[in-house]
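In what follows, a structure is listed as structure tokens, so that the remarks can point back to it.
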Amino acid sequence: MKIRRMDRSGVTTRAMARAGMTALGLGMTAALALSGCAQSDVGGSEAGTSTTTTSPTPEDSDTPSPSPSDGTGDDAGEGDVPVEAADMEIAAGNSGRGLPPGLEGNTDSTVGVAWAPVEGLLYVVTNGSSSCPTYAEPKATMGGGSKDAKVAAADGVLSVRLTPPSEGICTMDFVPTTTVVEVPAESDTGDEIPVMLGDKGQVQLLPRTAEGSPGPVAWLDS
């Protein structure tokens, strides 16, 4: 009987040992699985797979990117540069730097005038500083002569008014500026006509040499 109890007790002890080992193995397996999950989460966060941080796109940014129209440097202020006289539209009030096609310059005079190729319009050319140019007013009048220049008020003289140059520091160059001026219809007859250029003096304006071409420039004697 004692041997039977001992045998039963031994069997029981071995069964419990096997159960304990099985439980221990299951516990270790579970612990390893949890550890692996934790490492995977940490690794994923570090690699940017679980928590991904994206850079803002241009649409999301509060500061707009500069456009070609916002350029700086040589392109800045390009609209302030005067148009070239060779490219300007021949219309009253327009002005440009330099001389239109068909006109000859004169570095010994400060102002000159010529018929434009369009009927009823003059080219008034002033020489001076390119940064402080002198312009002509867009419309001329008849009989507006200056008494200081010994021109009567109603003697058939075509009068062109000149605007004073802008104040400030001016460059010391000497370049032409051309303004298109409208004249009264009765003055463009194809004949020679006296023209008073502001307070500078009077010149004799010659007619056009051909229709659709500018006339010769009448330069004021310096």
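Chain labels follow the order of the structure tokens: the first chain is A, the next B, and so on; residue numbering restarts at 1 in every chain, and ligands are counted from 1 in their shown order.
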
When you look at Val203 (chain A) with a cut-off of 9 Å (counting only C-alpha atoms), what residues show up, excluding the ones that are within fewer than 3 positions of it in the same chain? I need them as a ChimeraX atom specification. /A:112-113,193-197,218-221

Run DSSP on the backbone and tell me which residues of region 144-215 of chain A come out as helix (DSSP H, G or I); list them as a compact mmCIF listing (two decimals) with N, CA, C and O atoms, in the first residue's frame.
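Final file, out-v5.txt:
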```
# COMPACT_ATOMS: atom_id res chain seq x y z
N LYS A 147 6.48 137.36 -76.52
CA LYS A 147 6.93 138.72 -76.79
C LYS A 147 8.42 138.86 -76.58
O LYS A 147 9.09 139.65 -77.24
N ASP A 148 8.98 138.04 -75.64
CA ASP A 148 10.41 138.11 -75.37
C ASP A 148 11.21 137.67 -76.59
O ASP A 148 12.34 138.10 -76.80
N ALA A 149 10.61 136.78 -77.39
CA ALA A 149 11.29 136.32 -78.60
C ALA A 149 10.89 137.15 -79.81
O ALA A 149 11.17 136.77 -80.94
N ALA A 185 -5.23 121.72 -87.20
CA ALA A 185 -5.33 121.21 -88.58
C ALA A 185 -4.87 122.24 -89.61
O ALA A 185 -4.25 121.89 -90.61
N GLU A 186 -5.14 123.50 -89.36
CA GLU A 186 -4.81 124.52 -90.35
C GLU A 186 -3.32 124.78 -90.47
O GLU A 186 -2.86 125.48 -91.40
N SER A 187 -2.53 124.24 -89.53
CA SER A 187 -1.09 124.51 -89.57
C SER A 187 -0.31 123.50 -90.42
O SER A 187 0.79 123.80 -90.88
```

If you count only C-alpha atoms, which residues fall within 10 Å of Asn106 (chain A), apart from same-chain ones fewer than 4 positions away, as a VMD selection string? chain A and resid 110 to 112 125 to 127 175 to 176 217 219 to 220

Would you compute the distance between CA of Arg208 (chain A) and CA of Gly190 (chain A)? Give it in Å to one decimal.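 Atom-to-atom, CA of Arg208 (chain A) and CA of Gly190 (chain A) are spaced 7.0 Å apart.
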
So, with only C-alpha atoms as the atoms that count, which of A:Gly156, A:Gly128, A:Pro117, A:Pro184 lies closest to Ala140 (chain A)?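 Nearest to Ala140 (chain A): A:Pro184.
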